[in-house]
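To start, the structure itself, in structure tokens.
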Amino acid sequence: MAPSVGVPEYFAGKKIFITGATGFMGKVLIEKLLRCCPEINTIYLLMRSKKGQGTKERLDDFMNCRVFDKLQDQSPKVFNKLRVVPGDILKDELGMSIEDWDEVQKECQLIFHCAACVRFDMFIRDAINMNTVGTMKVLKLAEGMKKLEAFLHVSTSYCRCELPLLEERLYPAPHRPQNVMSCVKWMDDDLLKYLEPKLIEPQPNTYAYTKSLTEDLVSQHAGKFPIAIARPSIVAAAHKEPMPGWVDNMNGPTGLLVGAGKGVIRTMHCNDSYQADVVPVDMAVNGCILLAYTTAIEKPKEIRVCNITQSGINPLTWGQALDMGRVHVQEFPFSVCLWYPGGSPKNSRLQHLLAAFFTHVLPAYFVDLLMFLMGKKTFMVKIQKRVNYGLEVLQYYTTKEWFFKNDYYLSLQTKVSKRDNETFYTDAKLINWSIYIRNYIKGAREYCCKEDPSTLPQARKLQKQLYYLDKAVQFIIYSLLAYFIYYYVIRIFS
């Protein structure tokens with residue numbers, strides 16, 4: 001049974017505090033709330049100050065983001081509901097003034113805590129300060145809020161990577177969060193670097209470890225106010241809103257897509273038969289909004305945990321995604337390419353390392369040699385090292401398969417009206433993966449690489465030239481190989 005109060009009706013008159021507003025999910029969350037809950041009262045945005053920029057300038061910069069194009073055209077006055085709160089998740093009391101702190105505690109009914117560092121390889125002290133200590137400060141703010149109806153913490157479904165099946169429940173962290181936060185305060189960098197591998201084990205990186213710690217920290221506040229934990233899986237480009245394919249960063253699959261599309265990535269260690277649990281950012285945000293809404297309406301004593309995952313409902317394997325990408329990059333090629341897009345994933349790590357040597361390392365040194373001989377600055381080996389490092393970090397997730405229970409996430413569709421279900425869509429079956437990846441490539445080209453659609457004819461011409469060059473190089477290499485086999489191998493045994 002859907003509640004008698006719909007989602008837009010519930011948010012009418014509400015004041016909301018959001019951390020991580022300038023992040024990928026944060027922008028989409030704000031756009032969705034302003035557009036689909038037009039009677040919302042105020043959205044407080046915690047933002048770091050920038051040198052030479054006041055609050056108004058920061059807000060103007062924020063509103064000029066392409067994600068708000070539709071709102072700028074249809075209802076620009078809605079931006080009056082946004083209020084920047086100068087602050088910093090890393091500072092005491094979030095770096096907020098006493099007046100802002102008191103106002104938020106007195107006026108706000110909901111908190112969306114989206115701020116986090118999503119870098120996998122961040123030094124453990126920095127990751128804990130950002131993800132765990134920062135959350136502790138937001139919880140301190142929440143404890144003093146007079147009207148708080150829901151606290152939503154955005155985590156990740158990869159918070160416990162050692163588990164093949166992640167259920168929608170809390171898991172105790174391997175260490176008490178307070179103890180770890182205390183340790184990173186006094187330990188020096190050398191000691192922390194030495195301890196880090198043992199401390200985070202069996203997690204693959206500091207991101208997963210600190211997300212696990214932070215969930216444990218949040219769980220210690222159960223019963224103080226209604227709490228929900230949203231665990232999205234791999235958050236990727238938008239499915240429909242604010243525009244199909246919108247993405248604003250090179251993290252995760254976007255970096256792979258752009259790198260492969262530009263011919264920089266020719267091989268990766270990946271089991272192409274494993275499922276890629278990808279959730280479009282608009283569906284992830286819709287899930288967070290509905291989760292906050294149901295938590296505020298139902299006021300559960302226990303913490304709600306929601307795995308925002310597709311979990312095989314509309315399965316997509318890494319191999320299928322790469323095959324579709326190869327097709328659609330022909331339609332939307334990048335203007336600046338190192339080589340013709342090609343290559344393939346390798347199930348075997350040895351195969352990948354051999355392929356990387358011949359398709360990544362050798363070409364990089366060859367290009368830099370040419371640059372050196374022409375008296376120009378070398379750059380390709382440096383890029384190749386960064387690419388290979390990125391692939392090493394990501395291969396943990398492309399060579400393993402996880403399963404997520406998402407019963408509560410699926411039940412959200414039954415907890416709202418048909419109209420709200422259409423507005424705040426969460427059903428993965430709605431996605432046509434081929435169309436989605438087509439829009440993803442188009443969006444990455446336009447929004448991340450800042451390439452205007454008018455450059456497409458020239459980019460297609462370049463890609464055709466690279467195709468013939470690629471075939472010519474392959475012909476030369478295979479001819480030389482055949483020549484070597486004939487003259488140096490067959491002659492020896494004849």
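FYI, nothing fancy with the structure tokens labels: chains A, B, ... in order, residues from 1 per chain, ligands from 1 as they appear.
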
Show which residues sit within 8 Å of stretch 356-358 of chain A, as a PyMOL selection string. Count only C-alpha atoms, and ignore same-chain residues fewer than 4 positions away. chain A and resi 266-268+352+362-363

Using the selection just defined, write its residues with N, CA, C and O atoms as a compact mmCIF listing (two decimals), in the first residue's frame.
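Final output, saved to again.txt:
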```txt
# COMPACT_ATOMS: atom_id res chain seq x y z
N ARG A 266 44.19 -0.88 -24.83
CA ARG A 266 44.05 -1.94 -25.84
C ARG A 266 43.81 -3.31 -25.20
O ARG A 266 43.44 -4.25 -25.89
N THR A 267 44.04 -3.40 -23.92
CA THR A 267 43.84 -4.68 -23.23
C THR A 267 43.53 -4.40 -21.77
O THR A 267 43.93 -3.36 -21.23
N MET A 268 42.80 -5.29 -21.13
CA MET A 268 42.56 -5.21 -19.70
C MET A 268 42.29 -6.60 -19.17
O MET A 268 41.80 -7.49 -19.90
N HIS A 352 47.10 -10.82 -20.53
CA HIS A 352 46.94 -9.38 -20.42
C HIS A 352 48.30 -8.69 -20.32
O HIS A 352 48.53 -7.67 -21.00
N LEU A 362 55.45 -0.85 -25.48
CA LEU A 362 56.30 -0.61 -26.65
C LEU A 362 55.85 0.60 -27.47
O LEU A 362 56.68 1.44 -27.83
N PRO A 363 54.55 0.72 -27.79
CA PRO A 363 54.12 1.91 -28.54
C PRO A 363 54.41 3.21 -27.79
O PRO A 363 54.74 4.23 -28.41
```

Leaving out A:Leu412 and any residue of its chain fewer than 3 positions from it, which residues lie within 9 Å of it when counting only C-alpha atoms, given as a ChimeraX atom specification? /A:287,290-291,294,407-409,415-416,421,426

For stretch 213-223 of chain A, please output as an NGL selection string all residues within 9 Å (counting only C-alpha atoms; exclusion window: fewer than 5 positions along the same chain). :A and (128 or 131-133 or 135-136 or 139 or 143 or 153 or 155 or 159 or 170-178 or 180 or 208 or 229 or 300-303)

What is the atom CA of A:Asn64-atom CA of A:Lys27 distance in Å, reported with one decimal?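 Atom CA of A:Lys27 lies at a distance of 11.4 Å from atom CA of A:Asn64.
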
What lies within 9 Å of A:Arg326 using only C-alpha atoms, ignoring chain neighbours under 3 positions off, as number ranges by chain? A: 260-261, 321-323, 329-330, 341-342

Would you list the contacts of A:Met25 as an NGL selection string, taking every protein, DNA or RNA residue within 12 Å and counting only C-alpha atoms, but skipping same-chain residues closer than 6 positions in sequence? :A and (18-19 or 31-32 or 67 or 112-116 or 118 or 154-155 or 232 or 234-238 or 242 or 246-249 or 279-289)

Determine, counting only C-alpha atoms, which protein, DNA and RNA residues have an atom within 7 Å of an atom of A:Leu90; residues of the same chain fewer than 2 positions away are not included. Present the result as a PyMOL selection string. chain A and resi 88+92+94+129-130+134

Would you mind exporting the chosen residues as a compact mmCIF listing (two decimals), in the first residue's frame, restricted to all heavy atoms?
```txt
# COMPACT_ATOMS: atom_id res chain seq x y z
N ASP A 88 33.47 22.67 5.33
CA ASP A 88 34.41 21.67 4.84
C ASP A 88 34.25 20.42 5.70
O ASP A 88 34.34 20.49 6.94
CB ASP A 88 35.84 22.20 4.94
CG ASP A 88 36.85 21.31 4.23
OD1 ASP A 88 36.60 20.10 4.11
OD2 ASP A 88 37.89 21.83 3.81
N ASP A 92 36.61 20.88 11.88
CA ASP A 92 35.76 20.76 13.07
C ASP A 92 34.45 21.49 12.85
O ASP A 92 34.41 22.58 12.25
CB ASP A 92 36.47 21.36 14.30
CG ASP A 92 37.69 20.55 14.71
OD1 ASP A 92 37.75 19.36 14.36
OD2 ASP A 92 38.60 21.11 15.36
N LEU A 94 32.40 20.85 10.82
CA LEU A 94 32.23 20.93 9.36
C LEU A 94 32.65 22.28 8.80
O LEU A 94 32.27 22.63 7.68
CB LEU A 94 30.77 20.63 8.97
CG LEU A 94 30.25 19.24 9.36
CD1 LEU A 94 28.76 19.13 9.12
CD2 LEU A 94 30.99 18.15 8.58
N ASN A 129 39.90 10.19 7.24
CA ASN A 129 39.47 11.54 7.59
C ASN A 129 38.28 11.99 6.74
O ASN A 129 37.34 12.60 7.24
CB ASN A 129 40.63 12.52 7.43
CG ASN A 129 41.64 12.42 8.57
OD1 ASN A 129 41.31 11.96 9.66
ND2 ASN A 129 42.87 12.83 8.32
N MET A 130 38.33 11.66 5.46
CA MET A 130 37.25 12.09 4.56
C MET A 130 35.99 11.27 4.77
O MET A 130 34.89 11.81 4.96
CB MET A 130 37.73 11.95 3.11
CG MET A 130 36.73 12.42 2.07
SD MET A 130 36.57 14.20 2.09
CE MET A 130 35.12 14.43 1.08
N GLY A 134 34.68 12.49 8.64
CA GLY A 134 33.70 13.42 8.08
C GLY A 134 32.28 13.02 8.41
O GLY A 134 31.45 13.86 8.77
```

Quick one: DSSP alpha helix (DSSP H) residues in stretch 304-418 of chain A, as an NGL selection string? :A and (318-328 or 349-356 or 362-373 or 380-398 or 407-411 or 418)

Save out the residues we just selected, C-alpha atoms, as an mmCIF file, in the first residue's frame.
```cif
data_model
loop_
_atom_site.group_PDB
_atom_site.id
_atom_site.type_symbol
_atom_site.label_atom_id
_atom_site.label_comp_id
_atom_site.auth_asym_id
_atom_site.auth_seq_id
_atom_site.Cartn_x
_atom_site.Cartn_y
_atom_site.Cartn_z
ATOM 1 C CA TRP A 318 31.546 -6.966 -19.118
ATOM 2 C CA GLY A 319 31.959 -8.660 -22.496
ATOM 3 C CA GLN A 320 28.560 -7.488 -23.731
ATOM 4 C CA ALA A 321 29.290 -3.934 -22.580
ATOM 5 C CA LEU A 322 32.625 -3.902 -24.422
ATOM 6 C CA ASP A 323 31.079 -5.339 -27.604
ATOM 7 C CA MET A 324 28.367 -2.669 -27.585
ATOM 8 C CA GLY A 325 30.984 -0.011 -26.940
ATOM 9 C CA ARG A 326 32.984 -1.082 -30.002
ATOM 10 C CA VAL A 327 29.879 -0.674 -32.152
ATOM 11 C CA HIS A 328 28.704 2.692 -30.831
ATOM 12 C CA ARG A 349 46.498 -12.215 -16.356
ATOM 13 C CA LEU A 350 49.538 -13.520 -18.262
ATOM 14 C CA GLN A 351 47.806 -12.874 -21.590
ATOM 15 C CA HIS A 352 46.942 -9.378 -20.424
ATOM 16 C CA LEU A 353 50.517 -8.611 -19.345
ATOM 17 C CA LEU A 354 51.897 -9.827 -22.691
ATOM 18 C CA ALA A 355 49.299 -7.834 -24.609
ATOM 19 C CA ALA A 356 49.989 -4.755 -22.452
ATOM 20 C CA LEU A 362 56.304 -0.610 -26.646
ATOM 21 C CA PRO A 363 54.119 1.912 -28.542
ATOM 22 C CA ALA A 364 54.509 4.404 -25.661
ATOM 23 C CA TYR A 365 58.317 4.207 -25.816
ATOM 24 C CA PHE A 366 58.222 4.384 -29.620
ATOM 25 C CA VAL A 367 56.085 7.565 -29.566
ATOM 26 C CA ASP A 368 58.335 9.163 -26.947
ATOM 27 C CA LEU A 369 61.412 8.254 -29.025
ATOM 28 C CA LEU A 370 59.934 10.032 -32.027
ATOM 29 C CA MET A 371 59.078 13.051 -29.857
ATOM 30 C CA PHE A 372 62.628 13.101 -28.495
ATOM 31 C CA LEU A 373 64.170 12.916 -31.975
ATOM 32 C CA MET A 380 53.469 8.954 -23.709
ATOM 33 C CA VAL A 381 55.380 6.735 -21.255
ATOM 34 C CA LYS A 382 54.052 8.841 -18.381
ATOM 35 C CA ILE A 383 50.461 8.449 -19.665
ATOM 36 C CA GLN A 384 50.958 4.718 -20.224
ATOM 37 C CA LYS A 385 52.177 4.238 -16.639
ATOM 38 C CA ARG A 386 49.113 6.056 -15.276
ATOM 39 C CA VAL A 387 46.799 3.965 -17.467
ATOM 40 C CA ASN A 388 48.386 0.690 -16.403
ATOM 41 C CA TYR A 389 48.221 1.712 -12.752
ATOM 42 C CA GLY A 390 44.518 2.511 -13.155
ATOM 43 C CA LEU A 391 43.899 -0.857 -14.807
ATOM 44 C CA GLU A 392 45.713 -2.622 -11.953
ATOM 45 C CA VAL A 393 43.409 -0.935 -9.419
ATOM 46 C CA LEU A 394 40.228 -1.706 -11.395
ATOM 47 C CA GLN A 395 41.042 -5.310 -12.308
ATOM 48 C CA TYR A 396 40.031 -6.451 -8.804
ATOM 49 C CA TYR A 397 36.453 -5.555 -9.732
ATOM 50 C CA THR A 398 36.536 -6.905 -13.297
ATOM 51 C CA ASP A 407 14.652 -7.081 -1.820
ATOM 52 C CA TYR A 408 14.078 -3.789 -0.026
ATOM 53 C CA TYR A 409 15.250 -1.809 -3.048
ATOM 54 C CA LEU A 410 12.797 -3.713 -5.247
ATOM 55 C CA SER A 411 10.013 -3.150 -2.706
ATOM 56 C CA LYS A 418 2.000 4.682 -9.776
#
```

Counting only C-alpha atoms, what is within 12 Å of A:Phe17, bar same-chain residues fewer than 2 positions away, as a short mmCIF file (atom, residue, chain, number, x, y, z; two decimals) with N, CA, C and O atoms, in the first residue's frame?
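Okay, this is what ended up in out_7.cif:
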```cif
data_model
loop_
_atom_site.label_atom_id
_atom_site.label_comp_id
_atom_site.auth_asym_id
_atom_site.auth_seq_id
_atom_site.Cartn_x
_atom_site.Cartn_y
_atom_site.Cartn_z
N LYS A 14 9.72 21.21 3.07
CA LYS A 14 10.85 20.64 3.82
C LYS A 14 12.14 21.43 3.56
O LYS A 14 12.35 22.02 2.50
N LYS A 15 13.02 21.40 4.57
CA LYS A 15 14.36 21.96 4.45
C LYS A 15 15.36 20.82 4.59
O LYS A 15 15.28 20.02 5.53
N THR A 19 25.40 17.06 1.94
CA THR A 19 26.86 17.08 1.79
C THR A 19 27.19 16.41 0.46
O THR A 19 26.44 15.57 -0.03
N GLY A 20 28.34 16.76 -0.10
CA GLY A 20 28.71 16.17 -1.39
C GLY A 20 27.88 16.71 -2.53
O GLY A 20 27.70 16.04 -3.55
N ALA A 21 27.37 17.94 -2.38
CA ALA A 21 26.47 18.51 -3.39
C ALA A 21 27.15 18.68 -4.74
O ALA A 21 26.49 18.59 -5.78
N GLY A 26 25.52 14.00 -6.11
CA GLY A 26 24.98 15.19 -5.45
C GLY A 26 24.29 16.13 -6.42
O GLY A 26 23.18 16.62 -6.15
N LEU A 29 21.02 14.57 -7.58
CA LEU A 29 20.06 14.59 -6.47
C LEU A 29 19.40 15.96 -6.36
O LEU A 29 18.16 16.07 -6.25
N ILE A 30 20.19 17.02 -6.40
CA ILE A 30 19.64 18.38 -6.26
C ILE A 30 18.75 18.72 -7.46
O ILE A 30 17.66 19.28 -7.29
N ASN A 41 11.16 23.60 0.35
CA ASN A 41 11.40 24.95 0.88
C ASN A 41 12.84 25.42 0.62
O ASN A 41 13.06 26.39 -0.09
N THR A 42 13.81 24.70 1.20
CA THR A 42 15.22 25.12 1.09
C THR A 42 16.12 23.90 1.04
O THR A 42 15.86 22.90 1.72
N ILE A 43 17.15 23.99 0.21
CA ILE A 43 18.19 22.96 0.19
C ILE A 43 19.50 23.63 0.58
O ILE A 43 20.00 24.52 -0.13
N TYR A 44 20.04 23.23 1.75
CA TYR A 44 21.31 23.76 2.22
C TYR A 44 22.44 22.91 1.63
O TYR A 44 22.44 21.68 1.78
N LEU A 45 23.40 23.56 0.97
CA LEU A 45 24.51 22.85 0.33
C LEU A 45 25.81 23.16 1.04
O LEU A 45 26.26 24.32 1.05
N LEU A 46 26.40 22.16 1.67
CA LEU A 46 27.70 22.36 2.31
C LEU A 46 28.77 22.42 1.22
O LEU A 46 28.96 21.46 0.47
N MET A 47 29.45 23.56 1.11
CA MET A 47 30.46 23.73 0.06
C MET A 47 31.72 24.35 0.63
O MET A 47 31.66 25.29 1.43
N LYS A 81 15.79 28.42 -4.09
CA LYS A 81 15.64 27.52 -2.95
C LYS A 81 16.98 26.97 -2.46
O LYS A 81 17.05 26.33 -1.42
N LEU A 82 18.05 27.19 -3.25
CA LEU A 82 19.37 26.70 -2.86
C LEU A 82 20.06 27.72 -1.97
O LEU A 82 20.04 28.92 -2.25
N ARG A 83 20.70 27.21 -0.93
CA ARG A 83 21.48 28.08 -0.06
C ARG A 83 22.81 27.43 0.24
O ARG A 83 22.87 26.31 0.76
N VAL A 84 23.89 28.11 -0.12
CA VAL A 84 25.23 27.59 0.14
C VAL A 84 25.59 27.83 1.60
O VAL A 84 25.43 28.94 2.12
N VAL A 85 26.06 26.76 2.26
CA VAL A 85 26.59 26.86 3.62
C VAL A 85 28.10 26.66 3.50
O VAL A 85 28.57 25.54 3.24
N ASP A 100 25.25 29.33 11.04
CA ASP A 100 24.78 28.31 10.09
C ASP A 100 24.51 26.99 10.79
O ASP A 100 23.51 26.31 10.51
N TRP A 101 25.40 26.62 11.70
CA TRP A 101 25.22 25.36 12.46
C TRP A 101 23.90 25.38 13.22
O TRP A 101 23.12 24.41 13.15
N GLU A 103 21.26 27.27 12.64
CA GLU A 103 20.12 27.34 11.73
C GLU A 103 19.78 25.98 11.15
O GLU A 103 18.60 25.59 11.09
N VAL A 104 20.79 25.25 10.71
CA VAL A 104 20.55 23.92 10.14
C VAL A 104 19.96 22.99 11.20
O VAL A 104 19.01 22.24 10.94
N GLN A 105 20.51 23.02 12.42
CA GLN A 105 19.98 22.17 13.48
C GLN A 105 18.54 22.53 13.84
O GLN A 105 17.74 21.66 14.19
N LYS A 106 18.20 23.77 13.73
CA LYS A 106 16.86 24.22 14.11
C LYS A 106 15.83 23.99 13.00
O LYS A 106 14.67 23.66 13.28
N GLU A 107 16.27 24.11 11.72
CA GLU A 107 15.30 24.18 10.63
C GLU A 107 15.16 22.90 9.79
O GLU A 107 14.08 22.62 9.26
N CYS A 108 16.24 22.11 9.64
CA CYS A 108 16.21 21.02 8.64
C CYS A 108 15.50 19.76 9.15
O CYS A 108 15.59 19.40 10.32
N GLN A 109 14.81 19.10 8.20
CA GLN A 109 14.12 17.84 8.51
C GLN A 109 14.84 16.61 7.95
O GLN A 109 14.59 15.50 8.40
N LEU A 110 15.69 16.80 6.93
CA LEU A 110 16.37 15.65 6.32
C LEU A 110 17.83 15.97 6.04
O LEU A 110 18.18 17.11 5.76
N ILE A 111 18.66 14.92 6.12
CA ILE A 111 20.07 15.02 5.73
C ILE A 111 20.34 13.95 4.67
O ILE A 111 20.00 12.78 4.85
N PHE A 112 20.94 14.37 3.56
CA PHE A 112 21.49 13.44 2.57
C PHE A 112 23.01 13.57 2.66
O PHE A 112 23.57 14.58 2.22
N HIS A 113 23.66 12.56 3.24
CA HIS A 113 25.12 12.61 3.40
C HIS A 113 25.76 11.86 2.24
O HIS A 113 25.90 10.64 2.27
N CYS A 114 26.14 12.61 1.20
CA CYS A 114 26.71 12.02 -0.01
C CYS A 114 28.22 12.22 -0.12
O CYS A 114 28.86 11.62 -0.99
N ALA A 115 28.77 13.09 0.72
CA ALA A 115 30.20 13.42 0.60
C ALA A 115 31.07 12.20 0.91
O ALA A 115 30.86 11.52 1.91
N VAL A 138 29.14 14.88 10.60
CA VAL A 138 27.77 15.08 10.11
C VAL A 138 26.77 14.45 11.10
O VAL A 138 25.69 15.01 11.34
N LEU A 141 26.19 16.82 13.89
CA LEU A 141 25.22 17.84 13.48
C LEU A 141 23.80 17.27 13.59
O LEU A 141 22.89 17.94 14.11
N ALA A 142 23.62 16.04 13.12
CA ALA A 142 22.29 15.42 13.13
C ALA A 142 21.76 15.22 14.54
O ALA A 142 20.55 15.38 14.79
N MET A 145 19.74 18.12 15.78
CA MET A 145 18.66 18.64 14.95
C MET A 145 17.31 18.38 15.59
O MET A 145 16.98 17.24 15.92
N LEU A 148 14.64 16.49 12.86
CA LEU A 148 15.17 15.51 11.92
C LEU A 148 14.21 14.33 11.73
O LEU A 148 13.83 13.66 12.69
N GLU A 149 13.85 14.07 10.47
CA GLU A 149 12.92 12.98 10.14
C GLU A 149 13.62 11.81 9.45
O GLU A 149 13.11 10.68 9.49
N ALA A 150 14.77 12.08 8.82
CA ALA A 150 15.51 10.98 8.17
C ALA A 150 16.95 11.42 7.92
O ALA A 150 17.20 12.55 7.48
N PHE A 151 17.87 10.51 8.21
CA PHE A 151 19.29 10.70 7.91
C PHE A 151 19.66 9.64 6.90
O PHE A 151 19.61 8.44 7.21
N LEU A 152 20.01 10.05 5.68
CA LEU A 152 20.38 9.08 4.65
C LEU A 152 21.88 9.13 4.40
O LEU A 152 22.41 10.19 4.05
#
```

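Atom to atom, atom CA of A:Leu71 and atom CA of A:Ile441 stand 23.8 Å apart.
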
Going by DSSP on the backbone, which residues of stretch 158-233 of chain A come out as strand (DSSP E)? List them as a count of residues only. 8

Atom CA of A:Val278 to atom CA of A:Gly263, straight-line distance in Å: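 Computing it gives 23.2 Å between the two atoms.
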